[in-house]
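Student: Contents are mmCIF, C-alpha atoms; file name data08.cif:
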data_coords
loop_
_atom_site.label_atom_id
_atom_site.label_comp_id
_atom_site.auth_asym_id
_atom_site.auth_seq_id
_atom_site.Cartn_x
_atom_site.Cartn_y
_atom_site.Cartn_z
CA MET A 1 31.68 16.49 -7.10
CA THR A 2 28.14 16.29 -5.77
CA ARG A 3 27.52 12.97 -4.03
CA LYS A 4 24.20 11.22 -4.48
CA ALA A 5 22.13 9.38 -1.89
CA ALA A 6 18.92 7.41 -2.20
CA ALA A 7 16.53 7.77 0.74
CA LEU A 8 13.96 5.14 1.68
CA ILE A 9 10.81 7.24 1.99
CA SER A 10 7.91 5.67 3.85
CA GLY A 11 5.96 8.90 4.10
CA GLY A 12 6.48 9.18 7.85
CA LEU A 13 8.32 11.82 9.82
CA ASP A 14 11.57 9.89 10.35
CA SER A 15 12.33 9.33 6.68
CA LEU A 16 11.43 12.96 5.95
CA LEU A 17 13.90 14.17 8.57
CA ALA A 18 16.66 11.74 7.58
CA ALA A 19 16.49 12.92 3.97
CA LYS A 20 16.44 16.57 5.04
CA VAL A 21 19.50 16.15 7.28
CA ILE A 22 21.48 14.75 4.35
CA GLN A 23 20.14 17.29 1.85
CA GLN A 24 21.39 20.04 4.14
CA GLN A 25 24.91 18.72 3.71
CA GLY A 26 24.77 19.43 -0.02
CA ILE A 27 24.09 15.83 -1.04
CA HIS A 28 21.75 15.18 -4.01
CA VAL A 29 18.94 13.05 -2.59
CA GLU A 30 16.28 11.05 -4.43
CA GLY A 31 13.59 9.00 -2.73
CA ILE A 32 12.58 5.37 -3.12
CA ASN A 33 9.21 4.12 -1.93
CA PHE A 34 8.35 0.42 -2.05
CA PHE A 35 4.86 -0.90 -2.76
CA THR A 36 4.31 -4.28 -1.09
CA GLY A 37 0.52 -4.58 -1.49
CA PHE A 38 0.11 -4.37 2.29
CA CYS A 39 0.58 -0.61 2.53
CA VAL A 40 -2.23 0.93 4.54
CA GLU A 41 -2.00 4.24 2.79
CA GLY A 42 -4.65 5.07 0.27
CA HIS A 43 -6.55 1.82 0.06
CA THR A 44 -9.14 2.16 2.77
CA HIS A 45 -9.57 5.82 1.85
CA ALA A 46 -10.27 4.80 -1.72
CA ILE A 47 -12.72 2.07 -0.81
CA ARG A 48 -14.66 3.19 2.22
CA LYS A 49 -17.01 6.13 2.07
CA LYS A 50 -16.75 6.78 5.79
CA ASP A 51 -13.06 7.62 5.42
CA LYS A 52 -13.68 10.18 2.68
CA ALA A 53 -13.87 13.07 5.11
CA LYS A 54 -10.17 12.73 5.87
CA PRO A 55 -7.86 14.44 3.39
CA LYS A 56 -6.56 11.95 0.87
CA ARG A 57 -2.91 12.04 -0.01
CA ASN A 58 -0.03 9.67 -0.50
CA ASN A 59 2.39 10.63 2.24
CA ALA A 60 5.50 9.41 0.40
CA LEU A 61 4.68 11.68 -2.55
CA TRP A 62 3.87 14.48 -0.15
CA VAL A 63 7.22 14.06 1.64
CA ALA A 64 9.04 14.14 -1.70
CA GLU A 65 7.21 17.37 -2.56
CA GLN A 66 8.23 18.92 0.76
CA LEU A 67 11.85 17.97 0.15
CA GLY A 68 11.80 18.90 -3.54
CA ILE A 69 13.18 15.49 -4.51
CA LYS A 70 12.25 12.88 -7.08
CA LEU A 71 10.45 9.81 -5.78
CA HIS A 72 10.73 6.42 -7.41
CA ILE A 73 7.84 4.14 -6.45
CA ILE A 74 8.88 0.53 -6.89
CA ASP A 75 6.49 -2.42 -7.10
CA ILE A 76 7.95 -5.30 -5.03
CA VAL A 77 4.71 -7.27 -4.62
CA GLU A 78 6.08 -10.49 -6.15
CA GLY A 79 9.43 -10.58 -4.40
CA TYR A 80 7.82 -9.59 -1.11
CA LYS A 81 5.69 -12.72 -0.99
CA ASP A 82 8.60 -14.82 0.17
CA ILE A 83 9.24 -12.35 3.00
CA VAL A 84 5.65 -12.63 4.22
CA ILE A 85 5.43 -16.39 3.81
CA ASN A 86 8.86 -17.45 5.09
CA PRO A 87 10.43 -14.71 7.21
CA LYS A 88 13.87 -15.83 8.33
CA HIS A 89 13.69 -13.71 11.47
CA GLY A 90 10.05 -14.54 12.23
CA TYR A 91 6.92 -12.48 12.77
CA GLY A 92 6.18 -9.72 15.25
CA ALA A 93 2.98 -9.58 17.29
CA ASN A 94 0.93 -10.37 14.16
CA LEU A 95 2.01 -11.44 10.67
CA ASN A 96 4.44 -8.55 10.43
CA PRO A 97 7.90 -9.71 9.35
CA CYS A 98 9.42 -6.32 10.20
CA LEU A 99 13.08 -7.26 10.32
CA ASP A 100 13.00 -9.33 7.12
CA CYS A 101 10.98 -6.55 5.50
CA LYS A 102 13.55 -3.92 6.35
CA ILE A 103 16.42 -6.15 5.16
CA PHE A 104 14.57 -6.81 1.88
CA MET A 105 13.84 -3.15 1.24
CA VAL A 106 17.41 -2.09 1.99
CA GLN A 107 18.65 -4.89 -0.28
CA LYS A 108 16.40 -3.68 -3.11
CA ALA A 109 17.44 -0.08 -2.52
CA HIS A 110 21.11 -1.14 -2.54
CA GLU A 111 20.60 -2.85 -5.91
CA TRP A 112 18.92 0.34 -7.13
CA ILE A 113 21.79 2.65 -6.13
CA GLN A 114 24.30 0.34 -7.80
CA LYS A 115 22.30 0.41 -11.03
CA LYS A 116 21.75 4.17 -10.92
CA GLY A 117 25.24 5.20 -9.83
CA PHE A 118 24.33 6.62 -6.41
CA ASP A 119 26.95 6.72 -3.66
CA PHE A 120 25.04 5.65 -0.56
CA LEU A 121 21.72 4.88 1.00
CA ILE A 122 19.85 6.47 3.90
CA THR A 123 16.95 5.41 6.09
CA GLY A 124 15.02 7.10 8.87
CA GLU A 125 15.74 4.30 11.35
CA VAL A 126 16.21 5.22 15.00
CA ILE A 127 17.65 2.79 17.53
CA GLY A 128 14.94 1.63 19.92
CA GLN A 129 12.10 3.16 17.93
CA ARG A 130 10.45 -0.13 17.02
CA PRO A 131 10.59 -3.28 19.11
CA MET A 132 11.34 -5.72 16.31
CA SER A 133 13.27 -4.05 13.53
CA GLN A 134 14.82 -0.93 15.05
CA ARG A 135 17.04 -2.11 17.87
CA LYS A 136 20.79 -1.71 18.42
CA GLU A 137 21.28 -5.42 17.66
CA THR A 138 19.28 -5.35 14.44
CA MET A 139 21.06 -2.40 12.84
CA PRO A 140 24.17 -4.43 11.81
CA ILE A 141 21.96 -7.37 10.80
CA ILE A 142 20.11 -5.12 8.34
CA SER A 143 23.34 -3.68 6.95
CA ASP A 144 24.98 -7.10 6.60
CA GLU A 145 22.12 -9.23 5.31
CA SER A 146 20.94 -6.61 2.81
CA GLY A 147 24.43 -6.42 1.32
CA ALA A 148 24.45 -2.64 1.77
CA ASP A 149 27.09 -2.86 4.54
CA ASP A 150 28.72 0.52 5.20
CA LEU A 151 26.82 2.19 2.35
CA LEU A 152 23.81 2.35 4.65
CA LEU A 153 23.71 5.54 6.72
CA ARG A 154 21.05 6.29 9.35
CA PRO A 155 21.31 10.07 9.78
CA LEU A 156 18.99 10.24 12.81
CA CYS A 157 20.97 7.80 14.97
CA ALA A 158 24.35 7.72 13.19
CA LYS A 159 26.24 8.95 16.24
CA ASN A 160 25.21 5.81 18.11
CA LEU A 161 26.61 3.57 15.38
CA PRO A 162 30.04 3.00 13.82
CA PRO A 163 30.91 5.48 11.04
CA THR A 164 29.80 4.48 7.55
CA LYS A 165 31.60 5.05 4.27
CA ALA A 166 29.85 8.38 3.65
CA GLU A 167 31.22 9.66 6.98
CA ILE A 168 34.69 8.11 6.66
CA GLU A 169 35.16 9.50 3.14
CA GLY A 170 33.97 12.92 4.28
CA TRP A 171 30.96 13.00 1.95
CA VAL A 172 28.91 13.93 5.00
CA ASN A 173 29.98 15.55 8.25
CA ARG A 174 29.33 13.12 11.10
CA ASP A 175 29.21 16.00 13.58
CA GLU A 176 26.05 17.27 11.90
CA LEU A 177 24.28 13.91 12.13
CA HIS A 178 22.17 12.89 15.11
CA GLY A 179 22.25 10.44 18.00
CA LEU A 180 18.57 9.77 18.60
CA SER A 181 17.42 6.64 20.40
CA GLY A 182 14.33 5.32 22.11
CA ARG A 183 10.60 5.37 21.48
CA SER A 184 10.01 9.03 22.29
CA ARG A 185 8.91 11.12 19.32
CA LYS A 186 9.81 14.41 20.98
CA PRO A 187 13.31 14.76 19.45
CA GLN A 188 11.90 14.14 15.97
CA MET A 189 9.15 16.68 16.57
CA ALA A 190 11.73 19.23 17.72
CA LEU A 191 13.84 18.55 14.64
CA ALA A 192 10.76 18.91 12.43
CA LYS A 193 10.07 22.28 14.02
CA GLN A 194 13.67 23.32 13.45
CA PHE A 195 13.32 22.47 9.75
CA GLY A 196 9.98 24.25 9.53
CA PHE A 197 7.88 21.12 8.95
CA GLU A 198 4.56 21.72 10.66
CA ASP A 199 2.38 19.20 8.83
CA TYR A 200 3.57 15.60 8.66
CA ALA A 201 2.12 12.11 8.94
CA GLN A 202 1.50 11.20 12.56
CA PRO A 203 2.82 7.78 13.56
CA ALA A 204 -0.11 5.42 13.85
CA GLY A 205 1.48 2.10 14.77
CA GLY A 206 2.95 1.26 11.42
CA CYS A 207 2.04 1.70 7.80
CA CYS A 208 1.45 -1.95 7.00
CA PHE A 209 -1.69 -4.09 7.24
CA LEU A 210 0.44 -6.99 8.49
CA THR A 211 0.77 -5.22 11.84
CA ASP A 212 -3.02 -5.28 12.20
CA GLU A 213 -4.41 -8.13 14.29
CA ASN A 214 -7.72 -8.43 12.41
CA TYR A 215 -6.02 -8.43 9.06
CA SER A 216 -3.54 -11.08 10.19
CA VAL A 217 -6.38 -13.31 11.40
CA LYS A 218 -7.98 -13.13 7.97
CA LEU A 219 -4.71 -13.87 6.18
CA GLN A 220 -4.05 -16.87 8.45
CA ASP A 221 -7.59 -18.10 7.78
CA LEU A 222 -6.99 -17.81 4.03
CA TRP A 223 -3.81 -19.87 4.25
CA ALA A 224 -5.31 -22.45 6.60
CA ASN A 225 -8.35 -23.07 4.43
CA ARG A 226 -6.45 -23.19 1.15
CA GLY A 227 -3.98 -25.61 2.62
CA GLU A 228 -0.98 -23.58 1.48
CA LYS A 229 0.72 -20.31 2.36
CA LYS A 230 0.20 -18.42 -0.88
CA TYR A 231 -1.55 -15.23 -1.95
CA ASP A 232 -1.97 -12.96 -4.93
CA LEU A 233 -2.63 -9.23 -5.04
CA ASP A 234 -6.42 -9.64 -5.29
CA ASP A 235 -6.39 -11.83 -2.16
CA ILE A 236 -4.64 -9.24 -0.06
CA MET A 237 -6.79 -6.41 -1.40
CA LEU A 238 -10.00 -8.28 -0.57
CA LEU A 239 -8.81 -8.95 2.98
CA LYS A 240 -8.98 -5.18 3.50
CA VAL A 241 -12.62 -4.94 2.49
CA GLY A 242 -15.96 -6.01 3.94
CA ARG A 243 -17.23 -8.39 6.60
CA HIS A 244 -15.76 -11.88 6.21
CA ILE A 245 -17.85 -14.92 7.20
CA ARG A 246 -16.75 -18.52 6.71
CA PRO A 247 -19.61 -21.04 7.07
CA GLU A 248 -17.43 -23.89 5.73
CA LYS A 249 -13.80 -24.61 5.05
CA SER A 250 -14.44 -24.62 1.29
CA TYR A 251 -15.81 -21.07 0.96
CA LYS A 252 -15.97 -17.65 2.56
CA ILE A 253 -18.45 -14.80 2.08
CA ILE A 254 -17.17 -11.23 1.78
CA ILE A 255 -20.05 -8.82 2.46
CA ALA A 256 -19.76 -5.12 1.63
CA ARG A 257 -20.42 -2.82 4.61
CA GLU A 258 -21.24 0.33 2.69
CA GLU A 259 -21.60 1.85 -0.77
CA GLY A 260 -17.89 2.35 -1.40
CA GLU A 261 -17.23 -1.32 -0.65
CA ASN A 262 -20.19 -2.37 -2.83
CA ARG A 263 -18.63 -0.51 -5.74
CA PHE A 264 -15.18 -1.92 -5.05
CA LEU A 265 -16.42 -5.53 -4.80
CA SER A 266 -18.50 -5.17 -7.97
CA GLY A 267 -15.22 -4.94 -9.89
CA TYR A 268 -14.58 -8.58 -8.95
CA LYS A 269 -17.89 -10.05 -10.20
CA LYS A 270 -16.24 -11.56 -13.26
CA GLN A 271 -13.77 -13.49 -11.11
CA PHE A 272 -15.97 -14.53 -8.16
CA GLN A 273 -19.41 -15.92 -7.47
CA SER A 274 -21.55 -13.08 -6.17
CA ILE A 275 -24.85 -12.46 -4.40
CA LYS A 276 -26.89 -9.25 -4.40
CA THR A 277 -30.11 -8.41 -2.59
CA ILE A 278 -32.91 -7.34 -4.98
CA SER A 279 -36.18 -6.85 -3.12
CA HIS A 280 -34.58 -4.81 -0.34
CA ALA A 281 -31.57 -2.52 -0.11
CA GLY A 282 -28.58 -4.57 0.91
CA PRO A 283 -24.98 -5.44 0.28
CA LEU A 284 -23.17 -7.05 -2.59
CA ALA A 285 -21.22 -10.12 -1.47
CA LEU A 286 -18.51 -12.19 -3.11
CA ILE A 287 -17.96 -15.89 -2.51
CA GLU A 288 -14.29 -16.75 -2.23
CA GLY A 289 -13.52 -20.44 -2.65
CA ALA A 290 -15.19 -23.46 -4.22
CA GLU A 291 -18.27 -23.36 -6.48
CA LEU A 292 -21.31 -23.49 -4.21
CA ASN A 293 -23.93 -26.24 -4.44
CA ASP A 294 -27.67 -25.45 -4.14
CA GLU A 295 -27.75 -25.92 -0.37
CA GLN A 296 -24.72 -23.69 0.13
CA ILE A 297 -26.21 -21.02 -2.16
CA GLN A 298 -29.39 -20.96 -0.04
CA LEU A 299 -27.36 -20.62 3.16
CA ALA A 300 -25.12 -17.90 1.73
CA CYS A 301 -28.18 -15.98 0.50
CA ALA A 302 -29.84 -16.28 3.92
CA ILE A 303 -26.68 -14.94 5.60
CA ILE A 304 -26.42 -12.00 3.22
CA ALA A 305 -30.15 -11.27 3.61
CA ARG A 306 -29.43 -10.82 7.32
CA PHE A 307 -27.39 -7.71 6.42
CA SER A 308 -30.12 -6.18 4.22
CA LYS A 309 -32.99 -3.85 5.04
CA GLY A 310 -35.28 -6.90 4.78
CA LYS A 311 -33.63 -8.80 7.61
CA ASN A 312 -36.92 -9.10 9.53
CA GLU A 313 -39.03 -10.19 6.52
CA ASP A 314 -40.22 -13.75 5.91
CA SER A 315 -38.73 -13.84 2.44
CA ILE A 316 -36.49 -11.63 0.40
CA GLU A 317 -35.29 -11.83 -3.20
CA LEU A 318 -31.63 -11.98 -4.16
CA THR A 319 -29.60 -12.94 -7.19
CA PHE A 320 -26.75 -15.44 -7.23
CA SER A 321 -24.23 -15.36 -10.08
CA ARG A 322 -21.40 -17.69 -10.96
CA ALA A 323 -18.17 -15.87 -11.87
CA GLY A 324 -19.04 -13.75 -14.89
CA GLY A 325 -22.34 -15.62 -15.24
CA GLU A 326 -25.99 -14.68 -15.53
CA PRO A 327 -27.84 -13.89 -12.28
CA GLN A 328 -30.21 -16.54 -10.92
CA THR A 329 -33.11 -15.36 -8.76
CA LYS A 330 -33.34 -16.80 -5.22
CA HIS A 331 -35.83 -16.33 -2.40
CA VAL A 332 -34.79 -16.94 1.21
CA LYS A 333 -35.80 -16.19 4.77
CA PRO A 334 -33.02 -14.11 6.33
CA LEU A 335 -31.13 -15.81 9.15
CA ALA A 336 -31.62 -14.36 12.60
CA ALA A 337 -28.53 -12.94 14.27
CA HIS A 338 -28.22 -15.94 16.62
CA GLU A 339 -28.34 -18.35 13.67
CA ILE A 340 -24.95 -17.14 12.44
CA PRO A 341 -22.40 -18.64 14.85
CA GLU A 342 -19.77 -16.26 16.19
CA SER A 343 -17.11 -18.69 15.03
CA TRP A 344 -18.06 -18.04 11.40
CA TYR A 345 -17.05 -14.39 11.68
CA LEU A 346 -13.45 -13.59 10.87
CA VAL A 347 -12.93 -10.50 13.02
CA MET B 1 11.00 16.57 -40.11
CA ALA B 2 10.42 15.99 -36.41
CA GLU B 3 8.53 12.85 -35.41
CA GLN B 4 4.99 13.40 -34.16
CA SER B 5 4.40 12.79 -30.50
CA GLN B 6 2.29 9.78 -29.54
CA THR B 7 -0.33 9.29 -26.86
CA VAL B 8 -0.35 6.01 -24.95
CA GLU B 9 -3.51 4.94 -23.15
CA VAL B 10 -3.18 3.18 -19.78
CA ASP B 11 -6.05 1.37 -18.07
CA ALA B 12 -5.68 1.71 -14.29
CA ARG B 13 -9.32 1.10 -13.43
CA ARG B 14 -9.94 -0.84 -10.19
CA LEU B 15 -6.34 -0.22 -9.14
CA LEU B 16 -5.82 1.54 -5.85
CA CYS B 17 -3.12 4.11 -5.20
CA PRO B 18 -0.20 3.97 -5.57
CA MET B 19 -0.67 1.40 -8.33
CA PRO B 20 -2.04 3.90 -10.88
CA VAL B 21 1.00 6.09 -10.19
CA ILE B 22 3.30 3.10 -10.75
CA ARG B 23 1.52 2.33 -14.06
CA LEU B 24 1.95 5.96 -15.13
CA GLN B 25 5.61 5.98 -14.06
CA ASP B 26 6.27 2.78 -16.05
CA ALA B 27 4.48 4.09 -19.14
CA ILE B 28 6.35 7.41 -19.05
CA SER B 29 9.71 5.64 -18.75
CA GLU B 30 9.09 3.88 -22.08
CA LEU B 31 8.26 7.09 -23.99
CA THR B 32 10.25 9.91 -25.53
CA ILE B 33 10.03 13.56 -24.47
CA GLY B 34 6.84 15.18 -25.77
CA ASP B 35 4.84 11.94 -25.79
CA MET B 36 1.70 11.73 -23.68
CA VAL B 37 0.01 9.22 -21.40
CA LYS B 38 -3.76 9.18 -21.00
CA ILE B 39 -4.53 7.13 -17.89
CA THR B 40 -8.02 6.03 -16.85
CA CYS B 41 -8.49 5.44 -13.12
CA THR B 42 -11.26 4.74 -10.63
CA ASP B 43 -9.45 5.53 -7.35
CA PRO B 44 -10.18 9.21 -6.60
CA GLY B 45 -6.82 9.37 -4.83
CA VAL B 46 -5.19 9.85 -8.24
CA LYS B 47 -6.53 13.40 -8.30
CA SER B 48 -3.93 14.30 -5.69
CA ASP B 49 -1.29 11.60 -6.26
CA ILE B 50 -0.74 12.03 -10.00
CA PRO B 51 -0.39 15.84 -9.83
CA ALA B 52 2.08 15.35 -6.95
CA TRP B 53 4.03 12.77 -8.96
CA CYS B 54 4.11 15.11 -12.00
CA ASN B 55 5.26 17.99 -9.82
CA ILE B 56 8.21 16.17 -8.25
CA ASN B 57 9.26 14.48 -11.48
CA LYS B 58 8.81 17.63 -13.61
CA HIS B 59 6.32 16.27 -16.12
CA SER B 60 3.31 18.28 -17.34
CA LEU B 61 -0.16 17.52 -16.11
CA LEU B 62 -2.30 18.50 -19.09
CA ASN B 63 -5.81 17.56 -18.05
CA ILE B 64 -7.92 15.89 -15.34
CA GLU B 65 -11.34 14.78 -16.56
CA ASP B 66 -13.46 13.78 -13.56
CA GLN B 67 -16.38 11.67 -14.74
CA GLN B 68 -18.93 9.94 -12.50
CA TYR B 69 -16.89 6.80 -11.79
CA GLU B 70 -13.74 7.34 -13.81
CA ILE B 71 -10.98 9.90 -13.78
CA ILE B 72 -9.01 10.37 -17.00
CA ILE B 73 -5.69 12.16 -16.64
CA THR B 74 -3.34 13.26 -19.41
CA VAL B 75 0.36 13.76 -18.72
CA ARG B 76 3.13 14.86 -21.10
CA LYS B 77 6.66 13.57 -20.63
CA GLU B 78 9.08 16.47 -20.22
CA ASN B 79 12.42 14.85 -19.35
CA ASP B 80 14.36 11.58 -19.39
CA ASP B 81 15.69 11.76 -15.81
#
Turn this file's structure into structure tokens for me.
Tutor:
Amino acid sequence: MTRKAAALISGGLDSLLAAKVIQQQGIHVEGINFFTGFCVEGHTHAIRKKDKAKPKRNNALWVAEQLGIKLHIIDIVEGYKDIVINPKHGYGANLNPCLDCKIFMVQKAHEWIQKKGFDFLITGEVIGQRPMSQRKETMPIISDESGADDLLLRPLCAKNLPPTKAEIEGWVNRDELHGLSGRSRKPQMALAKQFGFEDYAQPAGGCCFLTDENYSVKLQDLWANRGEKKYDLDDIMLLKVGRHIRPEKSYKIIIAREEGENRFLSGYKKQFQSIKTISHAGPLALIEGAELNDEQIQLACAIIARFSKGKNEDSIELTFSRAGGEPQTKHVKPLAAHEIPESWYLV
Amino acid sequence: MAEQSQTVEVDARRLLCPMPVIRLQDAISELTIGDMVKITCTDPGVKSDIPAWCNINKHSLLNIEDQQYEIIITVRKENDD
């Protein structure tokens, strides 16, 4: 009887190797990839023109192609909100709830294997690889709190952990698993070479925007100024785009930095107030927050004019539109750089 | 007489990868073998992601129509796995 395992596939090297190790033992492997809304992959490539030179691919799909396995991409955006807002085990250096995230994903994957009739679950975790979620002490916490218990096998560091059901039952040979530990990537690179993988995603400090300091600052600002820790998918997408300036607690300006961002933000004009420069080339900007009064519109226009080609002119023409509304023509003198306080910029 | 296959249209404009792939995956799961999905997207990433998804899940990629701002992709469901 062929046993079946589901592999959590992030698109990185470790999950690729973990799945390969188990495949080599004759196990049928299928991949699961979770979409949280905070995944770095794809989004900035899709939005920003300057990133277009880099090859565009989804690494999880690419890994599945290399392994010849099916990949199930699962949308967990709604359920994930509680993990981001109230992480039981707290945040890392930024707003990254890495341990709660891993527990949640393993829990969801465990539910999936029960529904689909798979025998066990594998991850690419390595003891000591990540300071918050991949430590010797956190491995049993993940297994216990996810409910996966001994159905969770970590092929790359299994020899450093107690045997799981797949090993005890003889579905996999423990001797052919690995005992990796620590932050060094050299053993994984050697294993990749052994398997003939020459092209794989290079680790770049995580695959999640929540590990990014600038992004976390903008998310904290959003929560602080709304007075509640909530977000929807549009909120977290817009935090990835543009220059963010908050002149007042009640509203924030999101200014496109280049053509790709202009195009992306234009898709939100029906939902947000927007400002566009007319007399000179310049950015599209969205206003996130309360409806602006006349004085605030003038100020917002003068700020946006600062980022146009007419920044040194005495007057430039822009249009201001309410959400989905008709454009109203405005004329303003662009603010000088020193007239926009540093404290208004959200890094 | 065999039932005629149907084509379902999916609007994935403004969605960034992998969301268009998730929309395609969900639409395919609701259909019977031989049915088609015509998905309209704006993220150019779908030009590599959807073919990759079709390849690993053994569905047929019938057409990619790359217009100025939109990409329209047609996929035929080939299995129930």
Student: Applied to the shown file, which residues does the PyMOL selection byres ((chain A and resi 12-25) around 6) return, written as JSON, numbers by chain?
Tutor: {"A": [9, 10, 11, 26, 27, 124, 155, 156, 201]}
Student: From the set A:Leu265, A:Val29, A:Leu177, A:Val106, which residue has the shortest atom-to-atom contact distance to A:Met139, counting all atoms listed in the file?
Tutor: A:Val106
Student: Dump as a PDB file with C-alpha atoms, in the coordinates of the input all residues having an atom at most 12 Å from (-16.8, -17.0, 4.7), computed in the file's coordinates with only C-alpha atoms.
Tutor:
ATOM      1  CA  LYS A 218      -7.980 -13.130   7.970  1.00  0.00           C
ATOM      2  CA  ASP A 221      -7.590 -18.100   7.780  1.00  0.00           C
ATOM      3  CA  LEU A 222      -6.990 -17.810   4.030  1.00  0.00           C
ATOM      4  CA  ASN A 225      -8.350 -23.070   4.430  1.00  0.00           C
ATOM      5  CA  LEU A 239      -8.810  -8.950   2.980  1.00  0.00           C
ATOM      6  CA  GLY A 242     -15.960  -6.010   3.940  1.00  0.00           C
ATOM      7  CA  ARG A 243     -17.230  -8.390   6.600  1.00  0.00           C
ATOM      8  CA  HIS A 244     -15.760 -11.880   6.210  1.00  0.00           C
ATOM      9  CA  ILE A 245     -17.850 -14.920   7.200  1.00  0.00           C
ATOM     10  CA  ARG A 246     -16.750 -18.520   6.710  1.00  0.00           C
ATOM     11  CA  PRO A 247     -19.610 -21.040   7.070  1.00  0.00           C
ATOM     12  CA  GLU A 248     -17.430 -23.890   5.730  1.00  0.00           C
ATOM     13  CA  LYS A 249     -13.800 -24.610   5.050  1.00  0.00           C
ATOM     14  CA  SER A 250     -14.440 -24.620   1.290  1.00  0.00           C
ATOM     15  CA  TYR A 251     -15.810 -21.070   0.960  1.00  0.00           C
ATOM     16  CA  LYS A 252     -15.970 -17.650   2.560  1.00  0.00           C
ATOM     17  CA  ILE A 253     -18.450 -14.800   2.080  1.00  0.00           C
ATOM     18  CA  ILE A 254     -17.170 -11.230   1.780  1.00  0.00           C
ATOM     19  CA  ILE A 255     -20.050  -8.820   2.460  1.00  0.00           C
ATOM     20  CA  ALA A 285     -21.220 -10.120  -1.470  1.00  0.00           C
ATOM     21  CA  LEU A 286     -18.510 -12.190  -3.110  1.00  0.00           C
ATOM     22  CA  ILE A 287     -17.960 -15.890  -2.510  1.00  0.00           C
ATOM     23  CA  GLU A 288     -14.290 -16.750  -2.230  1.00  0.00           C
ATOM     24  CA  GLY A 289     -13.520 -20.440  -2.650  1.00  0.00           C
ATOM     25  CA  ALA A 290     -15.190 -23.460  -4.220  1.00  0.00           C
ATOM     26  CA  LEU A 292     -21.310 -23.490  -4.210  1.00  0.00           C
ATOM     27  CA  GLN A 296     -24.720 -23.690   0.130  1.00  0.00           C
ATOM     28  CA  LEU A 299     -27.360 -20.620   3.160  1.00  0.00           C
ATOM     29  CA  ALA A 300     -25.120 -17.900   1.730  1.00  0.00           C
ATOM     30  CA  ILE A 303     -26.680 -14.940   5.600  1.00  0.00           C
ATOM     31  CA  ILE A 304     -26.420 -12.000   3.220  1.00  0.00           C
ATOM     32  CA  ILE A 340     -24.950 -17.140  12.440  1.00  0.00           C
ATOM     33  CA  PRO A 341     -22.400 -18.640  14.850  1.00  0.00           C
ATOM     34  CA  GLU A 342     -19.770 -16.260  16.190  1.00  0.00           C
ATOM     35  CA  SER A 343     -17.110 -18.690  15.030  1.00  0.00           C
ATOM     36  CA  TRP A 344     -18.060 -18.040  11.400  1.00  0.00           C
ATOM     37  CA  TYR A 345     -17.050 -14.390  11.680  1.00  0.00           C
ATOM     38  CA  LEU A 346     -13.450 -13.590  10.870  1.00  0.00           C
ATOM     39  CA  VAL A 347     -12.930 -10.500  13.020  1.00  0.00           C
TER      40      VAL A 347
END
Student: Just need the box for stretch 163-178 of chain A, edges along x, y and z, holding every atom the file lists for it with 3 Å tacked onto each side, so centre and edge lengths in Å to one decimal, as lines of an AutoDock Vina configuration file.
Tutor:
center_x = 28.7
center_y = 10.9
center_z = 8.5
size_x = 19.0
size_y = 18.8
size_z = 19.2
Student: At a cut-off of 8 Å, which residues of chain A touch chain B? Count only C-alpha atoms and give the answer as an NGL selection string.
Tutor: :A and (35 or 42-43 or 46 or 56-58 or 61-62 or 64-65 or 68-71 or 73-75 or 264 or 267)
Student: Would you mind reading off the distance between atom CA of A:Lys159 and atom CA of A:Lys102, one decimal, in Å?
Tutor: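 Atom CA of A:Lys159 sits 20.6 Å away from atom CA of A:Lys102.
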Student: One number please: atom CA of A:Gly90 to atom CA of A:Ser181, in Å, one decimal.
Tutor: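 Taking atom CA of A:Gly90 as the start and atom CA of A:Ser181 as the end point, the length is 23.9 Å.
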Student: Exactly which residues make up the result of the PyMOL selection byres ((chain B and resi 28) around 12) on this file, given as a ChimeraX atom specification?
Tutor: /B:6-10,21-27,29-39,53-54,57-60,74-81
Student: Mind writing stretch 54-60 of chain B to a file for me, with N, CA and C atoms, as a PDB file, in the first residue's frame?
Tutor:
ATOM      1  N   CYS B  54      -1.422  24.383 -14.371  1.00  0.00           N
ATOM      2  CA  CYS B  54      -2.023  23.406 -15.291  1.00  0.00           C
ATOM      3  C   CYS B  54      -1.104  22.194 -15.465  1.00  0.00           C
ATOM      4  N   ASN B  55       0.179  22.468 -15.566  1.00  0.00           N
ATOM      5  CA  ASN B  55       1.151  21.392 -15.766  1.00  0.00           C
ATOM      6  C   ASN B  55       1.148  20.421 -14.584  1.00  0.00           C
ATOM      7  N   ILE B  56       1.213  20.951 -13.359  1.00  0.00           N
ATOM      8  CA  ILE B  56       1.308  20.031 -12.215  1.00  0.00           C
ATOM      9  C   ILE B  56      -0.025  19.362 -11.893  1.00  0.00           C
ATOM     10  N   ASN B  57      -1.122  19.992 -12.282  1.00  0.00           N
ATOM     11  CA  ASN B  57      -2.426  19.399 -11.975  1.00  0.00           C
ATOM     12  C   ASN B  57      -3.042  18.685 -13.184  1.00  0.00           C
ATOM     13  N   LYS B  58      -2.282  18.633 -14.279  1.00  0.00           N
ATOM     14  CA  LYS B  58      -2.679  17.873 -15.486  1.00  0.00           C
ATOM     15  C   LYS B  58      -4.002  18.353 -16.086  1.00  0.00           C
ATOM     16  N   HIS B  59      -4.144  19.668 -16.191  1.00  0.00           N
ATOM     17  CA  HIS B  59      -5.259  20.239 -16.944  1.00  0.00           C
ATOM     18  C   HIS B  59      -4.671  20.881 -18.212  1.00  0.00           C
ATOM     19  N   SER B  60      -5.529  21.101 -19.225  1.00  0.00           N
ATOM     20  CA  SER B  60      -5.011  21.620 -20.496  1.00  0.00           C
ATOM     21  C   SER B  60      -5.110  23.134 -20.572  1.00  0.00           C
TER      22      SER B  60
END
